[in-house]
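Pasted below: run-v2.txt, compact mmCIF, C-alpha atoms.
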```txt
# COMPACT_ATOMS: atom_id res chain seq x y z
CA MET A 1 -4.73 -21.82 -3.84
CA ALA A 2 -1.16 -21.77 -2.59
CA VAL A 3 1.43 -22.81 -5.10
CA ARG A 4 5.16 -22.22 -5.01
CA THR A 5 5.80 -20.61 -8.38
CA LEU A 6 9.09 -18.78 -7.94
CA GLN A 7 12.29 -20.40 -6.84
CA ARG A 8 14.55 -17.40 -6.33
CA PRO A 9 17.83 -17.63 -4.43
CA VAL A 10 16.99 -14.45 -2.51
CA LEU A 11 15.78 -16.03 0.70
CA PRO A 12 16.86 -17.30 3.07
CA ALA A 13 18.66 -13.99 3.43
CA HIS A 14 21.51 -13.30 5.79
CA LEU A 15 21.04 -10.77 8.56
CA ALA A 16 23.90 -8.57 9.73
CA ASP A 17 24.87 -11.10 12.40
CA GLY A 18 24.99 -13.98 9.89
CA ARG A 19 21.68 -15.60 10.83
CA THR A 20 19.35 -16.50 7.98
CA VAL A 21 15.69 -15.67 7.63
CA SER A 22 13.11 -17.27 5.37
CA LEU A 23 9.73 -15.99 4.22
CA VAL A 24 6.83 -17.67 2.42
CA PHE A 25 4.07 -15.63 0.80
CA SER A 26 0.68 -16.79 -0.46
CA ASN A 27 -2.01 -14.86 -2.26
CA VAL A 28 -4.81 -17.01 -0.84
CA LEU A 29 -7.37 -15.70 -3.36
CA CYS A 30 -10.25 -14.51 -1.23
CA ASP A 31 -12.85 -16.67 -3.03
CA ASN A 32 -10.76 -19.81 -2.51
CA ARG A 33 -12.20 -22.09 0.20
CA ASP A 34 -9.28 -24.51 0.40
CA PHE A 35 -8.18 -23.07 3.75
CA GLY A 36 -6.45 -26.24 4.87
CA ARG A 37 -4.18 -26.32 1.84
CA VAL A 38 -2.73 -22.89 2.62
CA VAL A 39 -2.29 -23.72 6.31
CA ALA A 40 -0.61 -27.00 5.32
CA LEU A 41 1.72 -25.14 2.93
CA ALA A 42 2.75 -22.69 5.65
CA ASN A 43 3.34 -25.51 8.12
CA ALA A 44 5.26 -27.64 5.61
CA GLN A 45 7.53 -24.78 4.55
CA ASP A 46 8.21 -23.88 8.19
CA ALA A 47 9.60 -20.48 7.21
CA ASP A 48 10.50 -17.86 9.80
CA ILE A 49 7.74 -15.63 8.41
CA PHE A 50 4.50 -16.43 6.60
CA ALA A 51 2.69 -13.62 4.78
CA ALA A 52 -0.64 -13.70 2.97
CA ALA A 53 -2.75 -11.41 0.81
CA GLU A 54 -6.49 -11.29 0.05
CA THR A 55 -7.29 -12.08 3.67
CA PRO A 56 -10.82 -11.05 4.62
CA PRO A 57 -12.06 -12.08 8.11
CA GLU A 58 -13.06 -15.62 7.05
CA TRP A 59 -9.52 -16.29 5.85
CA ILE A 60 -8.00 -14.79 8.99
CA SER A 61 -10.09 -17.11 11.16
CA HIS A 62 -8.62 -20.12 9.32
CA LEU A 63 -5.06 -18.78 9.13
CA ASP A 64 -5.10 -18.27 12.88
CA ALA A 65 -4.47 -22.03 13.09
CA LEU A 66 -0.87 -21.02 12.32
CA LYS A 67 -0.47 -19.32 15.69
CA ALA A 68 0.90 -22.49 17.28
CA ARG A 69 3.88 -22.31 14.88
CA TYR A 70 3.88 -18.53 14.50
CA PRO A 71 3.09 -16.95 17.90
CA TYR A 72 3.38 -13.37 16.60
CA SER A 73 0.88 -12.09 14.06
CA PHE A 74 -0.71 -9.03 12.53
CA THR A 75 -4.06 -9.77 10.92
CA PRO A 76 -6.13 -6.66 10.17
CA GLY A 77 -9.21 -8.45 8.78
CA GLN A 78 -11.08 -5.19 8.22
CA LEU A 79 -9.06 -4.61 5.03
CA GLY A 80 -11.29 -7.08 3.17
CA VAL A 81 -10.30 -8.76 -0.07
CA PHE A 82 -7.17 -6.63 -0.39
CA GLY A 83 -6.10 -7.44 3.15
CA VAL A 84 -2.65 -8.59 4.13
CA ALA A 85 -1.55 -10.67 7.11
CA LEU A 86 1.75 -11.65 8.67
CA TYR A 87 2.65 -14.53 10.99
CA ALA A 88 6.14 -14.82 12.49
CA LYS A 89 8.23 -16.83 14.90
CA ARG A 90 9.63 -13.70 16.55
CA PRO A 91 8.15 -10.37 17.62
CA PHE A 92 7.70 -7.41 15.31
CA ARG A 93 5.94 -4.05 15.16
CA ALA A 94 3.48 -3.67 12.30
CA GLU A 95 1.73 -0.79 10.63
CA ILE A 96 -0.37 -0.36 7.52
CA TYR A 97 0.38 2.26 4.87
CA HIS A 98 -2.01 3.18 2.08
CA PRO A 99 0.11 4.25 -0.93
CA GLY A 100 -1.27 5.09 -4.34
CA GLN A 101 -4.42 6.99 -5.16
CA ARG A 102 -6.74 4.13 -4.21
CA GLY A 103 -5.09 3.60 -0.83
CA MET A 104 -4.48 -0.13 -1.16
CA PRO A 105 -2.87 -1.62 1.96
CA LEU A 106 0.85 -2.10 2.41
CA LEU A 107 1.97 -3.85 5.59
CA ARG A 108 5.32 -2.85 7.10
CA ALA A 109 6.69 -5.19 9.78
CA ASP A 110 9.76 -4.06 11.71
CA PHE A 111 11.69 -6.91 13.33
CA GLY A 112 14.46 -4.64 14.61
CA ASP A 113 17.21 -6.10 12.44
CA MET A 114 15.13 -6.22 9.25
CA VAL A 115 11.89 -4.91 7.77
CA VAL A 116 9.36 -6.88 5.74
CA TYR A 117 6.79 -5.26 3.44
CA VAL A 118 3.72 -7.19 2.32
CA ALA A 119 2.09 -5.60 -0.70
CA HIS A 120 -1.19 -6.01 -2.53
CA PRO A 121 -1.72 -3.23 -5.09
CA MET A 122 -4.73 -2.86 -7.34
CA PRO A 123 -4.34 -5.06 -10.44
CA PRO A 124 -3.63 -2.94 -13.56
CA ALA A 125 -6.89 -3.86 -15.33
CA ASN A 126 -7.16 -0.55 -17.23
CA ALA A 127 -5.09 2.60 -17.76
CA ARG A 128 -6.33 4.34 -14.60
CA LEU A 129 -5.70 1.28 -12.42
CA ALA A 130 -2.33 0.69 -14.10
CA ALA A 131 -1.27 4.23 -13.17
CA ASP A 132 -2.27 3.59 -9.55
CA ASN A 133 -0.44 0.25 -9.62
CA GLU A 134 2.72 2.02 -10.86
CA ALA A 135 2.42 4.67 -8.13
CA TYR A 136 1.94 2.01 -5.44
CA ILE A 137 4.94 -0.05 -6.58
CA GLY A 138 7.01 3.12 -6.85
CA ASN A 139 6.09 4.01 -3.29
CA VAL A 140 7.10 0.53 -2.10
CA ALA A 141 10.46 0.89 -3.88
CA GLU A 142 11.04 4.27 -2.24
CA LEU A 143 10.19 2.95 1.22
CA VAL A 144 12.42 -0.12 0.82
CA ASN A 145 15.34 1.92 -0.47
CA ASN A 146 15.07 4.34 2.47
CA GLU A 147 15.22 1.67 5.17
CA THR A 148 18.21 2.38 7.38
CA ARG A 149 19.14 1.82 10.99
CA GLN A 150 21.80 4.04 12.54
CA GLY A 151 22.76 5.32 9.09
CA ALA A 152 23.39 1.86 7.60
CA PRO A 153 21.14 0.09 5.08
CA LEU A 154 18.73 -2.34 6.71
CA LEU A 155 17.72 -5.67 5.19
CA ALA A 156 14.28 -5.02 3.71
CA ALA A 157 12.31 -7.80 2.04
CA THR A 158 9.15 -7.41 0.00
CA ALA A 159 6.50 -10.03 -0.53
CA GLY A 160 3.19 -9.68 -2.17
CA SER A 161 0.88 -9.87 -5.05
CA THR A 162 2.57 -7.15 -7.08
CA THR A 163 0.70 -7.62 -10.34
CA SER A 164 2.19 -5.21 -12.81
CA VAL A 165 2.38 -4.45 -16.48
CA PRO A 166 5.27 -5.45 -18.76
CA THR A 167 6.30 -1.80 -19.21
CA THR A 168 6.70 -1.03 -15.50
CA THR A 169 10.01 0.47 -14.47
CA ARG A 170 9.14 0.54 -10.78
CA PHE A 171 10.80 -2.74 -9.81
CA ALA A 172 14.25 -1.57 -10.92
CA PRO A 173 14.97 0.44 -7.72
CA ILE A 174 14.03 -2.42 -5.36
```
As structure tokens, the full file:
Amino acid sequence: MAVRTLQRPVLPAHLADGRTVSLVFSNVLCDNRDFGRVVALANAQDADIFAAAETPPEWISHLDALKARYPYSFTPGQLGVFGVALYAKRPFRAEIYHPGQRGMPLLRADFGDMVVYVAHPMPPANARLAADNEAYIGNVAELVNNETRQGAPLLAATAGSTTSVPTTTRFAPI
């Protein structure tokens, strides 16, 4: 299911040259079969970037319908239910990191004038998983805070299913 739940005045963000950029994220929920609803959401929002989590190969095959609107994509379907995908209107270089002890995927997309991270850590279902979740989110915060280009801070946006616990302190540095 794709539902807009947060209305935060963070995006569209302004790039160094004054242009704006918008991003829409959806945790598609891998067991969800309402593929058309997510594709319709992405098309209706018409953001510069569309990111998704929980994208096993079946989801990727349906999300690829977005390629007419978003000609640039990174869709590593082999990541399974914790997969992440990115569709954009302009080119980018992508790589996958595996922070935390469980090595959950973290997509980093470099657009040249900004960087986008798409996260999907392990949900903190018990103490061991909560510790890994904290480590993962802490690693994301460190990566975002270290993004620079020619010595100047670079716009870095994060999107994702960052399920956390009420006591987490890891979001403060982002």
Could you check how far atom CA of A:Ala85 sits from atom CA of A:Gln101, in Å to one decimal?
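About the pair atom CA of A:Ala85 and atom CA of A:Gln101: they are 21.7 Å apart.
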Using only C-alpha atoms for the distances, tell me which of A:His120, A:His14, A:Arg37, A:Arg19 is nearest to A:Ala51.
A:His120
Excluding A:Ala44 and its own-chain neighbours fewer than 4 positions away, which residues fall within 12 Å of it when counting all atoms listed in the file? Please give them as a PyMOL selection string.
chain A and resi 2+4+24+36-40+48+50+66+69
Go ahead and write the selection's residues with C-alpha atoms as a PDB file, in the coordinates of the input.
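As written to disk, again38.pdb reads:
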```
ATOM      1  CA  ALA A   2      -1.160 -21.770  -2.590  1.00  0.00           C
ATOM      2  CA  ARG A   4       5.160 -22.220  -5.010  1.00  0.00           C
ATOM      3  CA  VAL A  24       6.830 -17.670   2.420  1.00  0.00           C
ATOM      4  CA  GLY A  36      -6.450 -26.240   4.870  1.00  0.00           C
ATOM      5  CA  ARG A  37      -4.180 -26.320   1.840  1.00  0.00           C
ATOM      6  CA  VAL A  38      -2.730 -22.890   2.620  1.00  0.00           C
ATOM      7  CA  VAL A  39      -2.290 -23.720   6.310  1.00  0.00           C
ATOM      8  CA  ALA A  40      -0.610 -27.000   5.320  1.00  0.00           C
ATOM      9  CA  ASP A  48      10.500 -17.860   9.800  1.00  0.00           C
ATOM     10  CA  PHE A  50       4.500 -16.430   6.600  1.00  0.00           C
ATOM     11  CA  LEU A  66      -0.870 -21.020  12.320  1.00  0.00           C
ATOM     12  CA  ARG A  69       3.880 -22.310  14.880  1.00  0.00           C
TER      13      ARG A  69
END
```
Which residue of A:Glu147, A:Glu54, A:Asp34, A:Asp132 approaches A:Ala109 most closely, using all atoms listed in the file:
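Checking each candidate against A:Ala109, we get A:Glu147 as the closest.
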Mind listing whatever residues come within 12 Å of the point (-0.7, -15.4, 8.2)? Use all atoms listed in the file, file coordinates, and give them as a count of residues only.
51
Neighbouring residues of stretch 93-99 of chain A were defined as those with any atom within 6 Å, considering all atoms listed in the file; residues of the same chain fewer than 3 positions away were excluded. Please report them as an mmCIF file with C-alpha atoms, in the frame of the given file.
```cif
data_model
loop_
_atom_site.group_PDB
_atom_site.id
_atom_site.type_symbol
_atom_site.label_atom_id
_atom_site.label_comp_id
_atom_site.auth_asym_id
_atom_site.auth_seq_id
_atom_site.Cartn_x
_atom_site.Cartn_y
_atom_site.Cartn_z
ATOM 1 C CA GLY A 103 -5.090 3.600 -0.830
ATOM 2 C CA MET A 104 -4.480 -0.130 -1.160
ATOM 3 C CA PRO A 105 -2.870 -1.620 1.960
ATOM 4 C CA LEU A 106 0.850 -2.100 2.410
ATOM 5 C CA LEU A 107 1.970 -3.850 5.590
ATOM 6 C CA ARG A 108 5.320 -2.850 7.100
ATOM 7 C CA ALA A 109 6.690 -5.190 9.780
ATOM 8 C CA ASP A 110 9.760 -4.060 11.710
ATOM 9 C CA TYR A 136 1.940 2.010 -5.440
#
```
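If you count all atoms listed in the file and draw a sphere of 12 Å around (22.1, 0.7, 5.3), the protein and nucleic acid residues inside it come out as Leu15, Ala16, Asp113, Met114, Val115, Val144, Asn145, Asn146, Glu147, Thr148, Arg149, Gln150, Gly151, Ala152, Pro153, Leu154, Leu155 and Ala156 of chain A.
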Interatomic distance (Å, one decimal) between atom CA of A:Ala131 and atom CA of A:Ala119
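Atom CA of A:Ala119 lies 16.2 Å from atom CA of A:Ala131.
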Distance of atom CA of A:Val21 from atom CA of A:Arg90, expressed in Å to one decimal place:
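Taking atom CA of A:Arg90 as the start and atom CA of A:Val21 as the end point, the length is 11.0 Å.
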